[in-house]
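Visitor: Sharing work33.txt (compact mmCIF, N, CA and C atoms and all ligand atoms) below.
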# COMPACT_ATOMS: atom_id res chain seq x y z
N MET A 27 109.11 110.05 247.88
CA MET A 27 108.02 110.51 247.02
C MET A 27 107.04 111.38 247.81
N ALA A 28 106.71 112.53 247.25
CA ALA A 28 105.80 113.44 247.96
C ALA A 28 104.41 112.81 248.05
N LEU A 29 103.77 113.05 249.17
CA LEU A 29 102.43 112.49 249.33
C LEU A 29 101.43 113.27 248.49
N LEU A 30 100.37 112.58 248.14
CA LEU A 30 99.30 113.26 247.38
C LEU A 30 98.55 114.17 248.33
N GLN A 31 98.24 115.36 247.84
CA GLN A 31 97.53 116.28 248.70
C GLN A 31 96.26 116.77 248.02
N TRP A 32 95.19 116.77 248.79
CA TRP A 32 93.93 117.23 248.24
C TRP A 32 93.97 118.73 248.04
N SER A 33 93.41 119.19 246.93
CA SER A 33 93.28 120.63 246.75
C SER A 33 91.96 120.88 246.02
N ASP A 34 91.46 122.10 246.13
CA ASP A 34 90.17 122.43 245.50
C ASP A 34 90.18 122.17 244.00
N GLU A 35 91.37 122.27 243.44
CA GLU A 35 91.50 122.04 242.00
C GLU A 35 91.03 120.63 241.62
N LEU A 36 91.16 119.71 242.58
CA LEU A 36 90.79 118.32 242.31
C LEU A 36 89.29 118.06 242.49
N SER A 37 88.58 119.02 243.09
CA SER A 37 87.17 118.81 243.35
C SER A 37 86.37 118.76 242.05
N VAL A 38 85.48 117.76 241.95
CA VAL A 38 84.60 117.71 240.77
C VAL A 38 83.27 118.41 241.08
N GLY A 39 83.10 118.85 242.32
CA GLY A 39 81.88 119.57 242.68
C GLY A 39 80.75 118.67 243.15
N ILE A 40 81.00 117.38 243.24
CA ILE A 40 80.00 116.45 243.76
C ILE A 40 80.60 115.84 245.03
N ASP A 41 79.95 116.16 246.16
CA ASP A 41 80.52 115.81 247.46
C ASP A 41 80.93 114.35 247.63
N ILE A 42 80.02 113.48 247.29
CA ILE A 42 80.29 112.04 247.51
C ILE A 42 81.46 111.55 246.66
N ILE A 43 81.58 112.10 245.46
CA ILE A 43 82.69 111.70 244.58
C ILE A 43 84.00 112.25 245.14
N ASP A 44 83.97 113.51 245.58
CA ASP A 44 85.19 114.08 246.18
C ASP A 44 85.65 113.24 247.37
N LYS A 45 84.68 112.80 248.18
CA LYS A 45 85.04 112.00 249.36
C LYS A 45 85.68 110.69 248.94
N GLN A 46 85.13 110.08 247.90
CA GLN A 46 85.70 108.81 247.43
C GLN A 46 87.10 109.01 246.88
N HIS A 47 87.30 110.12 246.15
CA HIS A 47 88.64 110.41 245.61
C HIS A 47 89.63 110.63 246.76
N MET A 48 89.15 111.29 247.83
CA MET A 48 90.05 111.52 248.99
C MET A 48 90.45 110.20 249.62
N ILE A 49 89.52 109.26 249.70
CA ILE A 49 89.84 107.95 250.28
C ILE A 49 90.89 107.24 249.42
N LEU A 50 90.71 107.32 248.10
CA LEU A 50 91.70 106.70 247.20
C LEU A 50 93.09 107.32 247.40
N MET A 51 93.10 108.65 247.52
CA MET A 51 94.38 109.33 247.71
C MET A 51 95.02 108.91 249.03
N ARG A 52 94.19 108.76 250.06
CA ARG A 52 94.74 108.34 251.37
C ARG A 52 95.34 106.95 251.28
N ALA A 53 94.66 106.07 250.56
CA ALA A 53 95.17 104.70 250.42
C ALA A 53 96.50 104.71 249.66
N ILE A 54 96.59 105.56 248.65
CA ILE A 54 97.85 105.67 247.90
C ILE A 54 98.96 106.22 248.80
N ASN A 55 98.61 107.22 249.61
CA ASN A 55 99.60 107.79 250.55
C ASN A 55 100.08 106.76 251.57
N LEU A 56 99.14 105.92 251.99
CA LEU A 56 99.47 104.87 252.94
C LEU A 56 100.48 103.90 252.32
N LEU A 57 100.24 103.59 251.06
CA LEU A 57 101.17 102.72 250.33
C LEU A 57 102.55 103.38 250.23
N ALA A 58 102.55 104.69 249.95
CA ALA A 58 103.81 105.42 249.85
C ALA A 58 104.58 105.34 251.17
N LEU A 59 103.87 105.54 252.28
CA LEU A 59 104.54 105.51 253.59
C LEU A 59 105.06 104.12 253.91
N ALA A 60 104.24 103.12 253.58
CA ALA A 60 104.64 101.74 253.87
C ALA A 60 105.90 101.37 253.07
N ILE A 61 105.97 101.84 251.84
CA ILE A 61 107.16 101.57 251.02
C ILE A 61 108.37 102.29 251.59
N GLU A 62 108.15 103.55 251.94
CA GLU A 62 109.24 104.37 252.48
C GLU A 62 109.83 103.76 253.75
N LYS A 63 108.95 103.18 254.55
CA LYS A 63 109.40 102.62 255.83
C LYS A 63 109.82 101.16 255.71
N ASN A 64 109.91 100.69 254.47
CA ASN A 64 110.29 99.29 254.25
C ASN A 64 109.42 98.33 255.05
N SER A 65 108.14 98.56 255.03
CA SER A 65 107.23 97.73 255.83
C SER A 65 107.24 96.28 255.35
N GLU A 66 106.72 95.43 256.23
CA GLU A 66 106.66 94.00 255.89
C GLU A 66 105.76 93.79 254.70
N ARG A 67 106.07 92.71 254.00
CA ARG A 67 105.31 92.35 252.81
C ARG A 67 103.81 92.23 253.12
N GLU A 68 103.52 91.66 254.29
CA GLU A 68 102.13 91.44 254.67
C GLU A 68 101.34 92.75 254.70
N LEU A 69 101.97 93.80 255.23
CA LEU A 69 101.30 95.09 255.31
C LEU A 69 101.10 95.68 253.91
N LEU A 70 102.15 95.60 253.10
CA LEU A 70 102.04 96.11 251.72
C LEU A 70 100.92 95.38 250.98
N GLU A 71 100.86 94.09 251.21
CA GLU A 71 99.84 93.27 250.56
C GLU A 71 98.43 93.74 250.95
N ALA A 72 98.26 94.02 252.24
CA ALA A 72 96.95 94.44 252.74
C ALA A 72 96.57 95.80 252.16
N ILE A 73 97.53 96.72 252.08
CA ILE A 73 97.24 98.05 251.55
C ILE A 73 96.92 97.94 250.05
N PHE A 74 97.70 97.14 249.38
CA PHE A 74 97.49 96.94 247.95
C PHE A 74 96.08 96.40 247.69
N LYS A 75 95.69 95.45 248.51
CA LYS A 75 94.36 94.85 248.34
C LYS A 75 93.26 95.89 248.60
N THR A 76 93.44 96.67 249.67
CA THR A 76 92.45 97.71 249.98
C THR A 76 92.31 98.68 248.82
N LEU A 77 93.45 99.07 248.29
CA LEU A 77 93.46 100.02 247.18
C LEU A 77 92.75 99.44 245.95
N ALA A 78 93.07 98.21 245.64
CA ALA A 78 92.46 97.56 244.47
C ALA A 78 90.94 97.43 244.68
N ASP A 79 90.54 97.01 245.87
CA ASP A 79 89.11 96.83 246.15
C ASP A 79 88.36 98.16 246.10
N TYR A 80 88.97 99.18 246.70
CA TYR A 80 88.26 100.46 246.74
C TYR A 80 88.18 101.11 245.36
N THR A 81 89.20 100.86 244.55
CA THR A 81 89.17 101.37 243.18
C THR A 81 87.96 100.77 242.44
N VAL A 82 87.76 99.49 242.62
CA VAL A 82 86.63 98.81 241.98
C VAL A 82 85.31 99.42 242.49
N THR A 83 85.21 99.62 243.80
CA THR A 83 84.00 100.20 244.39
C THR A 83 83.72 101.59 243.83
N HIS A 84 84.76 102.41 243.79
CA HIS A 84 84.59 103.78 243.31
C HIS A 84 84.18 103.83 241.84
N PHE A 85 84.84 103.03 241.01
CA PHE A 85 84.50 103.02 239.58
C PHE A 85 83.05 102.54 239.39
N ALA A 86 82.66 101.55 240.16
CA ALA A 86 81.30 101.02 240.04
C ALA A 86 80.29 102.12 240.39
N TYR A 87 80.62 102.92 241.38
CA TYR A 87 79.72 104.01 241.79
C TYR A 87 79.57 105.03 240.67
N GLU A 88 80.71 105.45 240.10
CA GLU A 88 80.65 106.42 239.00
C GLU A 88 79.86 105.84 237.83
N GLU A 89 80.11 104.58 237.52
CA GLU A 89 79.47 103.98 236.35
C GLU A 89 77.96 103.83 236.55
N LYS A 90 77.56 103.62 237.80
CA LYS A 90 76.13 103.55 238.11
C LYS A 90 75.47 104.92 237.83
N LEU A 91 76.19 105.99 238.20
CA LEU A 91 75.67 107.34 237.93
C LEU A 91 75.55 107.57 236.42
N PHE A 92 76.57 107.14 235.67
CA PHE A 92 76.54 107.33 234.21
C PHE A 92 75.32 106.62 233.62
N ASP A 93 75.09 105.40 234.06
CA ASP A 93 73.97 104.63 233.51
C ASP A 93 72.64 105.28 233.90
N HIS A 94 72.58 105.72 235.13
CA HIS A 94 71.34 106.31 235.64
C HIS A 94 70.95 107.58 234.87
N PHE A 95 71.96 108.40 234.57
CA PHE A 95 71.67 109.68 233.91
C PHE A 95 71.96 109.66 232.41
N ASP A 96 72.25 108.48 231.86
CA ASP A 96 72.57 108.36 230.43
C ASP A 96 73.68 109.31 229.99
N TYR A 97 74.78 109.25 230.67
CA TYR A 97 75.92 110.12 230.34
C TYR A 97 76.46 109.74 228.95
N PRO A 98 76.52 110.72 228.04
CA PRO A 98 76.89 110.38 226.66
C PRO A 98 78.33 109.85 226.48
N GLN A 99 79.25 110.23 227.38
CA GLN A 99 80.62 109.75 227.20
C GLN A 99 80.96 108.56 228.11
N SER A 100 79.89 107.87 228.48
CA SER A 100 80.05 106.76 229.42
C SER A 100 80.98 105.65 228.90
N ILE A 101 80.85 105.28 227.62
CA ILE A 101 81.63 104.15 227.08
C ILE A 101 83.13 104.45 227.18
N GLU A 102 83.48 105.65 226.74
CA GLU A 102 84.90 106.06 226.76
C GLU A 102 85.44 106.07 228.20
N HIS A 103 84.62 106.62 229.11
CA HIS A 103 85.05 106.71 230.51
C HIS A 103 85.21 105.31 231.13
N LYS A 104 84.24 104.45 230.83
CA LYS A 104 84.31 103.08 231.38
C LYS A 104 85.54 102.34 230.87
N LYS A 105 85.91 102.62 229.62
CA LYS A 105 87.12 101.98 229.06
C LYS A 105 88.36 102.37 229.86
N ASP A 106 88.41 103.63 230.23
CA ASP A 106 89.53 104.12 231.05
C ASP A 106 89.57 103.39 232.39
N HIS A 107 88.39 103.26 233.02
CA HIS A 107 88.32 102.53 234.29
C HIS A 107 88.79 101.08 234.10
N GLN A 108 88.31 100.45 233.02
CA GLN A 108 88.66 99.05 232.79
C GLN A 108 90.18 98.90 232.64
N ALA A 109 90.78 99.85 231.92
CA ALA A 109 92.23 99.79 231.70
C ALA A 109 92.97 99.83 233.05
N LEU A 110 92.49 100.66 233.95
CA LEU A 110 93.16 100.74 235.26
C LEU A 110 92.92 99.48 236.09
N ARG A 111 91.67 99.00 236.06
CA ARG A 111 91.38 97.75 236.80
C ARG A 111 92.30 96.63 236.31
N ASP A 112 92.46 96.52 234.97
CA ASP A 112 93.32 95.49 234.39
C ASP A 112 94.75 95.65 234.85
N LYS A 113 95.22 96.89 234.78
CA LYS A 113 96.61 97.17 235.15
C LYS A 113 96.86 96.84 236.62
N VAL A 114 95.93 97.27 237.48
CA VAL A 114 96.08 97.00 238.91
C VAL A 114 96.08 95.49 239.17
N SER A 115 95.24 94.76 238.44
CA SER A 115 95.19 93.33 238.71
C SER A 115 96.48 92.63 238.22
N VAL A 116 97.05 93.11 237.09
CA VAL A 116 98.33 92.55 236.63
C VAL A 116 99.43 92.83 237.67
N LEU A 117 99.46 94.07 238.16
CA LEU A 117 100.48 94.44 239.16
C LEU A 117 100.31 93.61 240.43
N LYS A 118 99.05 93.41 240.83
CA LYS A 118 98.79 92.66 242.05
C LYS A 118 99.21 91.20 241.86
N ASP A 119 98.95 90.63 240.69
CA ASP A 119 99.38 89.26 240.41
C ASP A 119 100.90 89.14 240.50
N ARG A 120 101.59 90.12 239.93
CA ARG A 120 103.06 90.10 239.96
C ARG A 120 103.56 90.19 241.41
N PHE A 121 102.91 91.07 242.17
CA PHE A 121 103.30 91.22 243.57
C PHE A 121 103.04 89.93 244.34
N ASP A 122 101.85 89.34 244.13
CA ASP A 122 101.48 88.10 244.82
C ASP A 122 102.40 86.95 244.41
N ALA A 123 102.93 87.04 243.18
CA ALA A 123 103.82 85.97 242.71
C ALA A 123 105.24 86.11 243.30
N GLY A 124 105.44 87.15 244.09
CA GLY A 124 106.71 87.25 244.80
C GLY A 124 107.61 88.39 244.37
N GLU A 125 107.21 89.14 243.37
CA GLU A 125 108.05 90.27 242.94
C GLU A 125 108.04 91.32 244.06
N ASP A 126 109.21 91.67 244.54
CA ASP A 126 109.25 92.52 245.73
C ASP A 126 109.46 94.00 245.48
N ASN A 127 110.07 94.32 244.37
CA ASN A 127 110.44 95.73 244.19
C ASN A 127 109.47 96.53 243.34
N LEU A 128 108.23 96.08 243.37
CA LEU A 128 107.22 96.73 242.53
C LEU A 128 106.73 98.06 243.09
N GLY A 129 106.84 98.22 244.40
CA GLY A 129 106.23 99.35 245.10
C GLY A 129 106.36 100.69 244.43
N PRO A 130 107.58 101.20 244.26
CA PRO A 130 107.74 102.55 243.72
C PRO A 130 107.13 102.70 242.33
N GLN A 131 107.24 101.63 241.54
CA GLN A 131 106.68 101.66 240.18
C GLN A 131 105.15 101.76 240.22
N VAL A 132 104.55 100.96 241.10
CA VAL A 132 103.09 100.97 241.26
C VAL A 132 102.63 102.35 241.71
N LEU A 133 103.37 102.87 242.68
CA LEU A 133 103.02 104.15 243.27
C LEU A 133 103.04 105.28 242.24
N LYS A 134 104.11 105.34 241.48
CA LYS A 134 104.26 106.40 240.49
C LYS A 134 103.12 106.31 239.48
N PHE A 135 102.85 105.09 239.06
CA PHE A 135 101.79 104.89 238.08
C PHE A 135 100.43 105.35 238.64
N LEU A 136 100.12 104.94 239.88
CA LEU A 136 98.81 105.27 240.46
C LEU A 136 98.64 106.77 240.67
N VAL A 137 99.69 107.41 241.17
CA VAL A 137 99.62 108.84 241.44
C VAL A 137 99.34 109.59 240.13
N GLU A 138 100.10 109.24 239.10
CA GLU A 138 99.92 109.94 237.82
C GLU A 138 98.56 109.66 237.21
N TRP A 139 98.17 108.39 237.29
CA TRP A 139 96.89 108.01 236.67
C TRP A 139 95.72 108.70 237.36
N LEU A 140 95.71 108.64 238.69
CA LEU A 140 94.57 109.19 239.44
C LEU A 140 94.45 110.69 239.21
N THR A 141 95.55 111.40 239.31
CA THR A 141 95.51 112.85 239.15
C THR A 141 95.02 113.21 237.75
N LYS A 142 95.56 112.53 236.76
CA LYS A 142 95.18 112.83 235.38
C LYS A 142 93.70 112.49 235.13
N HIS A 143 93.27 111.37 235.69
CA HIS A 143 91.89 110.94 235.47
C HIS A 143 90.88 111.88 236.15
N ILE A 144 91.17 112.26 237.38
CA ILE A 144 90.25 113.16 238.09
C ILE A 144 90.19 114.52 237.38
N LEU A 145 91.36 115.05 237.06
CA LEU A 145 91.39 116.38 236.44
C LEU A 145 90.83 116.37 235.01
N GLY A 146 90.88 115.23 234.38
CA GLY A 146 90.40 115.14 233.00
C GLY A 146 89.00 114.57 232.94
N LYS A 147 88.92 113.26 232.83
CA LYS A 147 87.63 112.60 232.58
C LYS A 147 86.60 112.80 233.69
N ASP A 148 87.03 112.75 234.95
CA ASP A 148 86.04 112.89 236.03
C ASP A 148 85.45 114.30 236.05
N LYS A 149 86.29 115.29 235.85
CA LYS A 149 85.76 116.66 235.87
C LYS A 149 84.80 116.88 234.70
N ARG A 150 85.02 116.15 233.63
CA ARG A 150 84.19 116.31 232.44
C ARG A 150 82.74 115.86 232.67
N TYR A 151 82.54 114.85 233.51
CA TYR A 151 81.16 114.37 233.71
C TYR A 151 80.41 115.18 234.76
N ALA A 152 81.16 115.96 235.57
CA ALA A 152 80.56 116.57 236.76
C ALA A 152 79.33 117.42 236.47
N SER A 153 79.45 118.36 235.51
CA SER A 153 78.32 119.26 235.31
C SER A 153 77.10 118.51 234.77
N PHE A 154 77.35 117.53 233.91
CA PHE A 154 76.24 116.74 233.36
C PHE A 154 75.50 115.99 234.48
N ILE A 155 76.25 115.35 235.34
CA ILE A 155 75.64 114.57 236.43
C ILE A 155 74.95 115.50 237.43
N LEU A 156 75.59 116.64 237.73
CA LEU A 156 74.98 117.58 238.67
C LEU A 156 73.64 118.09 238.16
N GLU A 157 73.60 118.41 236.86
CA GLU A 157 72.33 118.87 236.28
C GLU A 157 71.27 117.78 236.39
N GLY A 158 71.66 116.56 236.10
CA GLY A 158 70.72 115.44 236.20
C GLY A 158 70.21 115.28 237.63
N MET A 159 71.12 115.42 238.59
CA MET A 159 70.74 115.28 240.00
C MET A 159 69.77 116.39 240.40
N GLU A 160 70.04 117.59 239.91
CA GLU A 160 69.15 118.71 240.23
C GLU A 160 67.76 118.49 239.64
N ARG A 161 67.74 118.03 238.40
CA ARG A 161 66.45 117.76 237.75
C ARG A 161 65.64 116.76 238.56
N GLN A 162 66.32 115.79 239.10
CA GLN A 162 65.60 114.74 239.85
C GLN A 162 65.48 115.08 241.33
N GLY A 163 66.02 116.23 241.70
CA GLY A 163 65.95 116.63 243.11
C GLY A 163 66.69 115.67 244.02
N LYS A 164 67.77 115.11 243.47
CA LYS A 164 68.51 114.11 244.25
C LYS A 164 69.70 114.73 244.93
N ASN A 165 69.89 114.39 246.16
CA ASN A 165 71.10 114.82 246.85
C ASN A 165 71.89 113.58 247.23
N LEU A 166 73.00 113.37 246.53
CA LEU A 166 73.76 112.13 246.74
C LEU A 166 74.91 112.29 247.72
N SER A 167 74.99 113.45 248.38
CA SER A 167 76.14 113.62 249.27
C SER A 167 75.91 112.95 250.61
FE FE B 201 86.76 109.00 239.94
FE FE B 202 86.32 108.01 236.66
Spit out the file's structure as C-alpha cells when you get a sec.
Guide:
Amino acid sequence: MALLQWSDELSVGIDIIDKQHMILMRAINLLALAIEKNSERELLEAIFKTLADYTVTHFAYEEKLFDHFDYPQSIEHKKDHQALRDKVSVLKDRFDAGEDNLGPQVLKFLVEWLTKHILGKDKRYASFILEGMERQGKNLS
C-alpha cells in the first residue's frame, strides 16, 4: 500500500490544523509499514492506540474551535467525527479480542476516510475559522 503523502492540496490554511493532520498521516504510515513488515502484535497494538488517541485529541481541538467561533455546520461535522471515533473503537476492540488480520482493512478505511474528510469537511470550515481568528487577532499556529 502506498504511503500517504502530504501535499498542498491537503492544506486547510490553518497551520496548527495542518500540523495535526500531518501527525495523523504519519501515524497511519507507521501502521502501514508495521503491517508490511509483519511486525509483532505488540507494536501494532501500540501504533493503533497512538492513532486512536491522537484522533480523539485532534477532533477535540477542531470541535473546540467550532464552539469558540460558533461554526454553523458544527453539528454535522461533529457527527462525522463521532462516526469515526465509534468505528475506530470497534476495530480496536476486535483487534484487542485477538483478530489478527485486521490491519490492511483498517488501513484502507483510515486512508480513505482521512483524505475525504480533510478535503471535504475540514476544508469547508477553514475560511470561517480563519476569519474568526483574524477578528479576534488570534494566532493559533
Ligand atoms: Fe481534521
Ligand atoms: Fe474534522
Visitor: Report as a list in words which protein, DNA and RNA residues come within 10 Å of ligand FE 202 (chain B), using only C-alpha atoms and all ligand atoms.
Guide: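 Listed by chain and ascending number, the contacts are Ile43, His47, Thr81, His84, Phe85, Ala86, Tyr87, Glu88, Glu89, Ser100, His103, Lys104, Lys105, Asp106, His107, Leu140, His143, Ile144, Leu145, Gly146, Lys147, Asp148, Lys149, Arg150 and Tyr151 of chain A.
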Visitor: So that I can check the surroundings of Ile54 of chain A, please list as a count of residues only every protein, DNA and RNA residue that reaches within 7 Å of it, counting all atoms listed in the file and ignoring chain neighbours fewer than 4 positions away.
Guide: 6
Visitor: For Glu66 of chain A, which residue among A:Asp126, A:Ile155, A:Gln99, A:Glu160 is the nearest when counting only C-alpha atoms?
Guide: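 Distance minimum relative to Glu66 of chain A lands on A:Asp126.
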Visitor: Have a look at A:Glu35, A:Ile42, A:Arg52, A:Leu29 and name the one nearest to Leu91 of chain A; count only C-alpha atoms.
Guide: A:Ile42
Visitor: Give me, please, the distance in Å between atom CA of Leu56 of chain A and atom CA of Lys134 of chain A, quoted to one decimal.
Guide: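 Between atom CA of Leu56 of chain A and atom CA of Lys134 of chain A the gap works out to 13.4 Å.
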Visitor: Quick one: pull the distance between atom CA of Arg120 of chain A and atom CA of Phe74 of chain A, Å, one decimal.
Guide: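 That distance, rounded to one decimal, is 11.9 Å.
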Visitor: Which of these, A:Asp34, A:Gln46, A:Leu133, A:Ser115, has the shortest distance to ligand FE 201 (chain B) once you count all atoms listed in the file?
Guide: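 Comparing A:Asp34, A:Gln46, A:Leu133, A:Ser115 against ligand FE 201 (chain B), the winner is A:Gln46.
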Visitor: Using only C-alpha atoms and all ligand atoms for the distances, tell me which of A:Ile73, A:Leu57, A:Ala152, A:Leu128 is nearest to ligand FE 201 (chain B).
Guide: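 When distances to ligand FE 201 (chain B) are compared using only C-alpha atoms and all ligand atoms, the smallest one comes from A:Ala152.
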Visitor: Grab the atom N of Val137 of chain A to atom C of Glu102 of chain A distance for me, in Å with one decimal place.
Guide: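 Interatomic distance, atom N of Val137 of chain A to atom C of Glu102 of chain A: 19.3 Å.
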Visitor: Determine the nearest neighbour of ligand FE 201 (chain B) from the options A:Glu68, A:Asp41, A:Glu62, A:Asp122, counting only C-alpha atoms and all ligand atoms.
Guide: A:Asp41
